Amino acid sequence: MRVAITGGTGFVGRHLASRLDPAETVVISRRTGVDIHDVDALTAAFRGCDAVAHCAGINREIGDQTFRRVHVEGTRAVIEAARRAGVQRVVLLSFLRARPGTRSGYHQTKWEAEELVRGSGLEYTVLKSGMIYGPGDHMVDHVSRAVRTFPIFATVGFRERRARPLPVADAVDVLVASLEGRMPNQTVALMGAEELELGAAVRRIARVAGGRPLYIPAPVWTIRALAQVTEWLMVTPLVAKAQAMMLSEGVTEAAPPTPEPPKDLRPSRPFSEDSIREALPDGGFGWDDLRLVRRLRRLRR
């Protein structure tokens with residue numbers, strides 16, 4: 001089976017690519033020189049592929065890389081290129097709570113991408129994924145670096161939200177099964193095996209990372225304000241605005257309600273200390289994580 005992966009150098013795409021046969025895998029991203037909006041370039045890249053794993057996405061907007069341009073226009077281009085290249089199926093990695101009618105551009109455009117895929121006429125699987133973690137993620141990585149750097153860690157809201165953290169290896173298992181045609185023309189909710197309060201998840205990460213901050217509950221609006229500030233200041237924000245909304249809702253139920261995969265495909269790995277340890281980065285946050293510092297250093301070279 002020959003597979004093309006959009007967003008193939010991103011977090012999930014990179015792990016998926018490492019699982020597949022390199023000789024039968026086409027990695028597509030801006031780093032490999034293929035623009036996701038260039039239908040002709042995508043068509044050439046997809047030619048000879050049996051399936052496309054559409055993993056490209058962003059969690060914050062920078063310049064012309066807007067949610068609408070990446071999630072909606074990018075998906076439209078992928079579908080058209082897949083048709084032209086004769087690709088048999090498309091697997092879309094979406095978000096668990098992507099839905100219409102929210103104030104979040106992320107949620108809205110992820111939903112619109114789902115609808116484009118479902119209405120494409122191609123064989124498809126839409127995976128509405130929850131909170132994925134693993135080496136290079138935005139969950140264990142950011143929490144561990146934060147608790148190593150700051151003496152105080154704010155938890156989201158006064159009412160505990162819940163999550164089902166999903167190991168990236170389990171997510172890749174389901175992606176591969178979908179690419180092989182195991183769940184044709186279905187939309188599936190994809191979450192981890194263990195459900196726990198977000199505060200408990202943070203404390204578990206902190207314990208493994210060796211951080212001992214003071215935890216304080218903070219109103220949701222303060223987390224959103226923090227997200228805006230860190231989007232302005234940081235190369236990779238501590239928390240993005242879209243992520244703040246995810247955390248404020250909890251990440252345990254699909255919206256709209258969506259079935260989970262068949263039992264033999266459901267993620268089974270717990271959110272264990274060993275799996276957290278595998279995802280830990282080195283150190284905490286530093287000056288080089290600030291956008292201004294990075295810009296000044298580039299100017300000096």
# chains A, B, ... in the order shown; residues from 1 in each chain; ligands from 1
$ closest_atom_pairs --of "stretch 154-215 of chain A" --to "stretch 246-269 of chain A" --cutoff "6 Å" --atoms "only C-alpha atoms" --output "Markdown table"
| residue | atom | partner | partner_atom | distance |
| --- | --- | --- | --- | --- |
| A:Arg161 | CA | A:Gly250 | CA | 4.8 |
| A:Arg162 | CA | A:Gly250 | CA | 5.0 |
| A:Ala163 | CA | A:Val251 | CA | 4.6 |
| A:Arg164 | CA | A:Thr252 | CA | 5.8 |
| A:Asp170 | CA | A:Pro267 | CA | 5.3 |
| A:Val188 | CA | A:Glu260 | CA | 5.3 |
| A:Ala189 | CA | A:Glu260 | CA | 4.7 |
| A:Gly192 | CA | A:Pro267 | CA | 5.6 |
| A:Ala193 | CA | A:Ser268 | CA | 5.1 |
$ write_last_selection --atoms "N, CA and C atoms" --output "CSV table (one decimal), in the first residue's frame"
chain,number,residue,atom,x,y,z
A,161,ARG,N,-12.2,19.6,34.7
A,161,ARG,CA,-12.5,19.0,33.4
A,161,ARG,C,-11.8,17.7,33.4
A,162,ARG,N,-12.2,16.9,32.4
A,162,ARG,CA,-11.7,15.6,32.3
A,162,ARG,C,-11.1,15.3,30.9
A,163,ALA,N,-10.2,14.4,30.8
A,163,ALA,CA,-9.6,14.1,29.5
A,163,ALA,C,-9.3,12.6,29.4
A,164,ARG,N,-9.1,12.1,28.2
A,164,ARG,CA,-8.7,10.7,27.9
A,164,ARG,C,-7.5,10.8,27.1
A,170,ASP,N,-1.0,4.6,19.8
A,170,ASP,CA,-2.4,4.1,19.6
A,170,ASP,C,-3.1,4.9,18.4
A,188,VAL,N,-15.4,8.5,13.3
A,188,VAL,CA,-15.1,7.8,14.5
A,188,VAL,C,-14.4,8.7,15.6
A,189,ALA,N,-14.8,8.5,16.8
A,189,ALA,CA,-14.2,9.2,17.9
A,189,ALA,C,-13.0,8.5,18.4
A,192,GLY,N,-8.1,8.0,24.4
A,192,GLY,CA,-7.3,7.1,25.1
A,192,GLY,C,-8.2,6.2,26.0
A,193,ALA,N,-7.5,5.1,26.5
A,193,ALA,CA,-8.2,4.1,27.3
A,193,ALA,C,-8.6,4.6,28.7
$ residues_around --residues "A:Tyr215" --least-positions-apart "5" --cutoff "9 Å" --atoms "only C-alpha atoms" --output "MDAnalysis selection string"
chainID A and resid 151:155 199 203
$ write_last_selection --atoms "C-alpha atoms" --output "compact mmCIF listing (two decimals), in the first residue's frame"
# COMPACT_ATOMS: atom_id res chain seq x y z
CA PRO A 151 6.84 27.82 40.69
CA ILE A 152 3.06 28.15 40.19
CA PHE A 153 0.90 26.22 37.73
CA ALA A 154 -2.68 27.31 36.98
CA THR A 155 -5.34 24.66 36.39
CA GLY A 199 -5.52 18.32 37.20
CA ARG A 203 0.18 16.25 38.48
$ residues_around --residues "A:Ser178" --least-positions-apart "5" --cutoff "10 Å" --atoms "only C-alpha atoms" --output "PyMOL selection string"
chain A and resi 51+53+89-92+124-127+172-173+183-186+265
$ residues_around --residues "A:Arg277" --least-positions-apart "2" --cutoff "10 Å" --atoms "only C-alpha atoms" --output "PyMOL selection string"
chain A and resi 134-135+140+205+208-209+272-275+279-281
$ closest_atom_pairs --of "stretch 72-118 of chain A" --to "stretch 1-22 of chain A" --cutoff "12 Å" --atoms "only C-alpha atoms" --output "CSV"
residue,atom,partner,partner_atom,distance
A:Gly74,CA,A:Thr6,CA,9.8
A:Thr75,CA,A:Thr6,CA,9.9
A:Ala77,CA,A:Thr6,CA,11.4
A:Val78,CA,A:Thr6,CA,8.6
A:Ile79,CA,A:Thr6,CA,11.7
A:Ala81,CA,A:Ala4,CA,11.5
A:Ala82,CA,A:Ala4,CA,10.0
A:Ala85,CA,A:Ala4,CA,11.5
A:Val87,CA,A:Val3,CA,9.4
A:Gln88,CA,A:Val3,CA,10.5
A:Arg89,CA,A:Val3,CA,9.9
A:Val90,CA,A:Ala4,CA,9.6
A:Val91,CA,A:Ile5,CA,9.6
A:Leu92,CA,A:Thr6,CA,9.8
A:Leu93,CA,A:Val12,CA,9.1
A:Ser94,CA,A:Val12,CA,11.5
$ closest_residue --among "A:Ala171, A:Val72, A:Met234, A:Met245" --to "A:Met191" --atoms "only C-alpha atoms"
A:Ala171
$ select_by_dssp --residues "stretch 104-233 of chain A" --states "strand (DSSP E)" --output "ChimeraX atom specification"
/A:123-129,132-133,152-156,162-163,166-167,186-190,196-197,214-218
$ write_last_selection --atoms "C-alpha atoms" --output "mmCIF file, in the first residue's frame"
data_model
loop_
_atom_site.group_PDB
_atom_site.id
_atom_site.type_symbol
_atom_site.label_atom_id
_atom_site.label_comp_id
_atom_site.auth_asym_id
_atom_site.auth_seq_id
_atom_site.Cartn_x
_atom_site.Cartn_y
_atom_site.Cartn_z
ATOM 1 C CA GLU A 123 -14.031 6.483 0.356
ATOM 2 C CA TYR A 124 -13.144 8.151 3.651
ATOM 3 C CA THR A 125 -12.606 7.779 7.363
ATOM 4 C CA VAL A 126 -12.825 10.823 9.647
ATOM 5 C CA LEU A 127 -11.014 10.368 12.957
ATOM 6 C CA LYS A 128 -12.201 12.834 15.600
ATOM 7 C CA SER A 129 -9.215 12.630 17.876
ATOM 8 C CA ILE A 132 -2.750 13.006 21.697
ATOM 9 C CA TYR A 133 0.582 12.795 23.519
ATOM 10 C CA ILE A 152 3.059 28.148 40.194
ATOM 11 C CA PHE A 153 0.897 26.224 37.728
ATOM 12 C CA ALA A 154 -2.684 27.306 36.980
ATOM 13 C CA THR A 155 -5.339 24.660 36.388
ATOM 14 C CA VAL A 156 -8.317 25.428 34.146
ATOM 15 C CA ARG A 162 -11.658 15.572 32.268
ATOM 16 C CA ALA A 163 -9.602 14.069 29.460
ATOM 17 C CA LEU A 166 -4.283 9.243 23.724
ATOM 18 C CA PRO A 167 -0.786 7.804 23.138
ATOM 19 C CA GLN A 186 -17.278 6.300 8.908
ATOM 20 C CA THR A 187 -16.677 9.114 11.378
ATOM 21 C CA VAL A 188 -15.051 7.761 14.521
ATOM 22 C CA ALA A 189 -14.207 9.247 17.939
ATOM 23 C CA LEU A 190 -10.641 8.448 18.954
ATOM 24 C CA LEU A 196 -8.976 11.256 34.441
ATOM 25 C CA GLU A 197 -9.290 14.832 35.629
ATOM 26 C CA LEU A 214 2.037 25.099 43.600
ATOM 27 C CA TYR A 215 -1.258 24.393 41.786
ATOM 28 C CA ILE A 216 -3.987 27.028 41.805
ATOM 29 C CA PRO A 217 -7.401 26.883 40.081
ATOM 30 C CA ALA A 218 -7.835 29.819 37.699
#
$ atom_distance --atom1 "atom CA of A:Phe150" --atom2 "atom CA of A:His138"
17.3 Å
$ residues_around --residues "A:Ile62" --least-positions-apart "6" --cutoff "12 Å" --atoms "only C-alpha atoms" --output "PyMOL selection string"
chain A and resi 68-70+231-232+235-237+240
$ closest_residue --among "A:Leu233, A:Val168, A:Val52, A:Ala146" --to "A:Arg291" --atoms "only C-alpha atoms"
A:Leu233
